[in-house]
Amino acid sequence: MPSSIVLVHAHALFREGLRHHLASAPEFRIVGEAENGQQAIQLVDNTDPDVVLMEMDLPGVNGLEVARAIKRSHPHIGIVLLTAAMDGMQVVKAIRAGVAAYVPRNVSPEKLLRTLHQVKRGDYPINDL
């Protein structure tokens, strides 16, 4: 059975690229998409996915705040944050928020899939940075 994923990114074109790439991986199934943090929290509450793939810089509520909110009510969900910059302090904050992986936005498609596989298994590849 495929793992369910929610995509959260402010830019529709970027979400489309993620959707297209994940469509080639039958082990994942996208169950919803959101463009901001508030939508993401509601969508996760409604779909209870295995993994949330989310950008850090969301309009309104940022990715770390969304991650905290999701982990409070759904501690079993793995969260992967996409970020523009690999900032050491942000990584620490991400770990504290319960994020499983923190990857640069320019990650290769293959590396992103490997990371998603690790997170769906319950691993925390954030510690590999």
# chains A, B, ... in the order shown; residues from 1 in each chain; ligands from 1
call {"tool": "residues_around", "arguments": {"residues": "A:His76", "least_positions_apart": "3", "cutoff": "10 Å", "atoms": "only C-alpha atoms", "output": "NGL selection string"}}
result
:A and (48-51 or 70-73 or 79 or 120 or 122)
call {"tool": "write_last_selection", "arguments": {"atoms": "all heavy atoms", "output": "tab-separated table (two decimals), in the first residue's frame"}}
result
chain	number	residue	atom	x	y	z
A	48	ASP	N	-4.83	12.83	7.52
A	48	ASP	CA	-3.91	12.05	8.35
A	48	ASP	C	-2.87	11.30	7.50
A	48	ASP	O	-2.81	10.08	7.51
A	48	ASP	CB	-4.69	11.07	9.23
A	48	ASP	CG	-3.82	10.49	10.33
A	48	ASP	OD1	-2.93	11.19	10.83
A	48	ASP	OD2	-4.04	9.31	10.69
A	49	PRO	N	-2.03	12.04	6.75
A	49	PRO	CA	-1.06	11.38	5.86
A	49	PRO	C	0.09	10.74	6.64
A	49	PRO	O	0.27	11.01	7.83
A	49	PRO	CB	-0.55	12.55	5.02
A	49	PRO	CG	-0.60	13.71	5.96
A	49	PRO	CD	-1.86	13.49	6.77
A	50	ASP	N	0.88	9.95	5.94
A	50	ASP	CA	2.09	9.37	6.54
A	50	ASP	C	3.20	10.40	6.59
A	50	ASP	O	4.00	10.41	7.53
A	50	ASP	CB	2.55	8.16	5.71
A	50	ASP	CG	1.51	7.06	5.67
A	50	ASP	OD1	1.01	6.68	6.74
A	50	ASP	OD2	1.18	6.60	4.56
A	51	VAL	N	3.27	11.25	5.54
A	51	VAL	CA	4.36	12.21	5.40
A	51	VAL	C	3.80	13.56	4.92
A	51	VAL	O	2.87	13.59	4.11
A	51	VAL	CB	5.42	11.72	4.38
A	51	VAL	CG1	6.53	12.74	4.18
A	51	VAL	CG2	6.00	10.37	4.79
A	70	ILE	N	1.31	20.31	13.69
A	70	ILE	CA	1.02	18.97	13.18
A	70	ILE	C	1.50	17.91	14.17
A	70	ILE	O	0.78	16.97	14.50
A	70	ILE	CB	1.66	18.75	11.79
A	70	ILE	CG1	0.93	19.60	10.75
A	70	ILE	CG2	1.66	17.28	11.41
A	70	ILE	CD1	1.61	19.64	9.39
A	71	LYS	N	2.71	18.06	14.68
A	71	LYS	CA	3.28	17.05	15.58
A	71	LYS	C	2.51	16.98	16.90
A	71	LYS	O	2.44	15.92	17.51
A	71	LYS	CB	4.76	17.32	15.83
A	71	LYS	CG	5.65	17.10	14.62
A	71	LYS	CD	5.54	15.71	14.04
A	71	LYS	CE	6.52	14.76	14.65
A	71	LYS	NZ	6.54	13.44	13.99
A	72	ARG	N	1.93	18.10	17.34
A	72	ARG	CA	1.14	18.07	18.59
A	72	ARG	C	-0.07	17.15	18.44
A	72	ARG	O	-0.39	16.40	19.35
A	72	ARG	CB	0.66	19.48	18.94
A	72	ARG	CG	1.61	20.24	19.82
A	72	ARG	CD	0.96	21.47	20.44
A	72	ARG	NE	0.48	22.44	19.46
A	72	ARG	CZ	1.23	23.41	18.93
A	72	ARG	NH1	2.48	23.57	19.30
A	72	ARG	NH2	0.71	24.24	18.06
A	73	SER	N	-0.75	17.23	17.31
A	73	SER	CA	-1.97	16.43	17.15
A	73	SER	C	-1.76	15.14	16.35
A	73	SER	O	-2.61	14.26	16.40
A	73	SER	CB	-3.07	17.27	16.51
A	73	SER	OG	-2.63	17.85	15.31
A	79	ILE	N	7.63	14.65	8.90
A	79	ILE	CA	7.63	15.95	8.22
A	79	ILE	C	8.98	16.20	7.57
A	79	ILE	O	10.02	16.09	8.23
A	79	ILE	CB	7.29	17.09	9.21
A	79	ILE	CG1	5.90	16.86	9.80
A	79	ILE	CG2	7.39	18.45	8.52
A	79	ILE	CD1	5.50	17.83	10.87
A	120	LYS	N	9.30	7.81	5.78
A	120	LYS	CA	8.13	6.93	5.87
A	120	LYS	C	8.43	5.68	6.71
A	120	LYS	O	7.54	5.12	7.33
A	120	LYS	CB	7.59	6.58	4.48
A	120	LYS	CG	8.07	5.31	3.90
A	120	LYS	CD	7.36	4.98	2.60
A	120	LYS	CE	7.82	3.61	2.20
A	120	LYS	NZ	7.20	3.04	1.08
A	122	GLY	N	10.11	5.86	9.35
A	122	GLY	CA	10.22	6.33	10.72
A	122	GLY	C	11.60	6.83	11.08
A	122	GLY	O	11.86	7.16	12.24
call {"tool": "residues_around", "arguments": {"residues": "A:Val99", "least_positions_apart": "4", "cutoff": "8 Å", "atoms": "only C-alpha atoms", "output": "number ranges by chain"}}
result
A: 67, 78-81, 94-95, 124, 126
call {"tool": "write_last_selection", "arguments": {"atoms": "N, CA and C atoms", "output": "CSV table (one decimal), in the first residue's frame"}}
result
chain,number,residue,atom,x,y,z
A,67,ALA,N,4.8,22.7,11.5
A,67,ALA,CA,5.4,21.4,11.9
A,67,ALA,C,5.0,21.2,13.4
A,78,GLY,N,5.5,11.9,9.6
A,78,GLY,CA,6.9,12.4,9.3
A,78,GLY,C,6.8,13.7,8.5
A,79,ILE,N,7.6,14.7,8.9
A,79,ILE,CA,7.6,16.0,8.2
A,79,ILE,C,9.0,16.2,7.6
A,80,VAL,N,8.9,16.5,6.3
A,80,VAL,CA,10.1,16.9,5.5
A,80,VAL,C,10.0,18.4,5.2
A,81,LEU,N,11.0,19.2,5.6
A,81,LEU,CA,11.0,20.6,5.3
A,81,LEU,C,11.9,20.9,4.1
A,94,ALA,N,14.3,23.1,13.7
A,94,ALA,CA,13.5,22.1,13.0
A,94,ALA,C,13.5,20.8,13.8
A,95,ILE,N,14.6,20.4,14.4
A,95,ILE,CA,14.7,19.2,15.2
A,95,ILE,C,13.8,19.4,16.4
A,124,TYR,N,14.9,9.5,11.0
A,124,TYR,CA,15.1,10.9,11.1
A,124,TYR,C,16.4,11.3,10.4
A,126,ILE,N,17.4,13.9,9.3
A,126,ILE,CA,17.8,15.3,9.7
A,126,ILE,C,19.2,15.1,10.4
call {"tool": "residues_around", "arguments": {"residues": "stretch 36-41 of chain A", "least_positions_apart": "6", "cutoff": "12 Å", "atoms": "only C-alpha atoms", "output": "MDAnalysis selection string"}}
result
chainID A and resid 5:12 15 47:49 52:74 79
call {"tool": "select_by_dssp", "arguments": {"residues": "stretch 18-92 of chain A", "states": "strand (DSSP E or B)", "output": "ChimeraX atom specification"}}
result
/A:28-34,51-55,78-83
call {"tool": "select_by_dssp", "arguments": {"residues": "chain A", "states": "helix (DSSP H, G or I)", "output": "JSON, numbers by chain"}}
result
{"A": [12, 13, 14, 15, 16, 17, 18, 19, 20, 21, 22, 23, 37, 38, 39, 40, 41, 42, 43, 44, 45, 46, 47, 63, 64, 65, 66, 67, 68, 69, 70, 71, 72, 73, 88, 89, 90, 91, 92, 93, 94, 95, 96, 97, 109, 110, 111, 112, 113, 114, 115, 116, 117, 118, 119, 120, 125, 126, 127, 128]}
call {"tool": "closest_residue", "arguments": {"among": "A:Leu13, A:Ala100, A:Leu113, A:Gln42", "to": "A:Glu27", "atoms": "only C-alpha atoms"}}
result
A:Leu113
call {"tool": "closest_residue", "arguments": {"among": "A:Lys93, A:Glu35, A:Pro75, A:Pro109", "to": "A:His20", "atoms": "only C-alpha atoms"}}
result
A:Pro109
call {"tool": "closest_residue", "arguments": {"among": "A:Leu112, A:Asp123, A:Gly88, A:Ile77", "to": "A:His21", "atoms": "only C-alpha atoms"}}
result
A:Leu112
call {"tool": "closest_residue", "arguments": {"among": "A:Leu82, A:Ile30, A:Leu43, A:Leu18", "to": "A:Pro104", "atoms": "only C-alpha atoms"}}
result
A:Leu82
call {"tool": "decode", "arguments": {"residues": "stretch 4-18 of chain A", "atoms": "all heavy atoms", "output": "tab-separated table (two decimals), in the first residue's frame"}}
result
chain	number	residue	atom	x	y	z
A	4	SER	N	0.89	7.79	2.08
A	4	SER	CA	0.18	9.01	1.72
A	4	SER	C	1.02	10.24	2.06
A	4	SER	O	1.70	10.29	3.08
A	4	SER	CB	-1.17	9.08	2.45
A	4	SER	OG	-0.98	8.96	3.84
A	5	ILE	N	0.97	11.22	1.16
A	5	ILE	CA	1.77	12.44	1.30
A	5	ILE	C	0.88	13.66	1.08
A	5	ILE	O	0.03	13.66	0.18
A	5	ILE	CB	2.93	12.48	0.28
A	5	ILE	CG1	3.93	11.38	0.56
A	5	ILE	CG2	3.62	13.84	0.29
A	5	ILE	CD1	5.14	11.40	-0.35
A	6	VAL	N	1.11	14.68	1.89
A	6	VAL	CA	0.52	16.00	1.67
A	6	VAL	C	1.65	16.92	1.23
A	6	VAL	O	2.71	16.95	1.85
A	6	VAL	CB	-0.17	16.54	2.95
A	6	VAL	CG1	-0.41	18.03	2.86
A	6	VAL	CG2	-1.48	15.80	3.19
A	7	LEU	N	1.43	17.67	0.15
A	7	LEU	CA	2.40	18.65	-0.35
A	7	LEU	C	1.97	20.04	0.10
A	7	LEU	O	0.79	20.41	-0.04
A	7	LEU	CB	2.44	18.64	-1.89
A	7	LEU	CG	2.84	17.35	-2.57
A	7	LEU	CD1	2.78	17.53	-4.09
A	7	LEU	CD2	4.22	16.92	-2.14
A	8	VAL	N	2.93	20.80	0.63
A	8	VAL	CA	2.64	22.15	1.08
A	8	VAL	C	3.71	23.08	0.53
A	8	VAL	O	4.88	23.00	0.92
A	8	VAL	CB	2.61	22.25	2.62
A	8	VAL	CG1	2.18	23.66	3.04
A	8	VAL	CG2	1.70	21.19	3.23
A	9	HIS	N	3.31	23.94	-0.40
A	9	HIS	CA	4.24	24.91	-0.98
A	9	HIS	C	3.41	26.08	-1.49
A	9	HIS	O	2.33	25.89	-2.04
A	9	HIS	CB	5.05	24.30	-2.13
A	9	HIS	CG	6.31	25.03	-2.43
A	9	HIS	ND1	6.31	26.25	-3.07
A	9	HIS	CD2	7.60	24.74	-2.15
A	9	HIS	CE1	7.56	26.67	-3.18
A	9	HIS	NE2	8.36	25.78	-2.61
A	10	ALA	N	3.91	27.29	-1.29
A	10	ALA	CA	3.17	28.49	-1.68
A	10	ALA	C	3.03	28.63	-3.19
A	10	ALA	O	2.08	29.25	-3.68
A	10	ALA	CB	3.85	29.74	-1.11
A	11	HIS	N	3.95	28.07	-3.95
A	11	HIS	CA	3.97	28.27	-5.40
A	11	HIS	C	3.41	27.06	-6.13
A	11	HIS	O	3.94	25.95	-6.03
A	11	HIS	CB	5.39	28.57	-5.87
A	11	HIS	CG	5.98	29.77	-5.18
A	11	HIS	ND1	5.56	31.06	-5.46
A	11	HIS	CD2	6.90	29.88	-4.20
A	11	HIS	CE1	6.22	31.90	-4.69
A	11	HIS	NE2	7.04	31.21	-3.92
A	12	ALA	N	2.35	27.28	-6.88
A	12	ALA	CA	1.67	26.21	-7.61
A	12	ALA	C	2.61	25.48	-8.56
A	12	ALA	O	2.54	24.26	-8.69
A	12	ALA	CB	0.47	26.76	-8.36
A	13	LEU	N	3.50	26.21	-9.22
A	13	LEU	CA	4.41	25.59	-10.18
A	13	LEU	C	5.36	24.62	-9.48
A	13	LEU	O	5.63	23.53	-9.98
A	13	LEU	CB	5.19	26.66	-10.94
A	13	LEU	CG	6.07	26.17	-12.08
A	13	LEU	CD1	5.22	25.46	-13.14
A	13	LEU	CD2	6.81	27.33	-12.71
A	14	PHE	N	5.85	24.99	-8.31
A	14	PHE	CA	6.73	24.11	-7.55
A	14	PHE	C	5.97	22.87	-7.08
A	14	PHE	O	6.47	21.76	-7.17
A	14	PHE	CB	7.33	24.87	-6.35
A	14	PHE	CG	8.57	24.24	-5.80
A	14	PHE	CD1	9.82	24.65	-6.24
A	14	PHE	CD2	8.50	23.23	-4.84
A	14	PHE	CE1	10.97	24.08	-5.74
A	14	PHE	CE2	9.65	22.65	-4.34
A	14	PHE	CZ	10.89	23.08	-4.79
A	15	ARG	N	4.73	23.06	-6.61
A	15	ARG	CA	3.90	21.91	-6.21
A	15	ARG	C	3.67	20.98	-7.39
A	15	ARG	O	3.71	19.76	-7.24
A	15	ARG	CB	2.56	22.36	-5.64
A	15	ARG	CG	2.60	22.83	-4.21
A	15	ARG	CD	1.22	22.94	-3.57
A	15	ARG	NE	0.19	23.48	-4.42
A	15	ARG	CZ	-0.09	24.78	-4.56
A	15	ARG	NH1	0.61	25.68	-3.88
A	15	ARG	NH2	-1.06	25.17	-5.35
A	16	GLU	N	3.43	21.57	-8.56
A	16	GLU	CA	3.22	20.76	-9.76
A	16	GLU	C	4.45	19.91	-10.07
A	16	GLU	O	4.34	18.73	-10.41
A	16	GLU	CB	2.89	21.67	-10.96
A	16	GLU	CG	2.80	20.96	-12.28
A	16	GLU	CD	1.60	20.04	-12.39
A	16	GLU	OE1	0.57	20.30	-11.75
A	16	GLU	OE2	1.70	19.03	-13.12
A	17	GLY	N	5.63	20.50	-9.92
A	17	GLY	CA	6.87	19.75	-10.14
A	17	GLY	C	7.01	18.61	-9.14
A	17	GLY	O	7.39	17.49	-9.52
A	18	LEU	N	6.72	18.87	-7.89
A	18	LEU	CA	6.78	17.81	-6.87
A	18	LEU	C	5.76	16.72	-7.18
A	18	LEU	O	6.08	15.52	-7.10
A	18	LEU	CB	6.51	18.39	-5.47
A	18	LEU	CG	7.59	19.28	-4.88
A	18	LEU	CD1	7.08	19.96	-3.62
A	18	LEU	CD2	8.85	18.47	-4.58
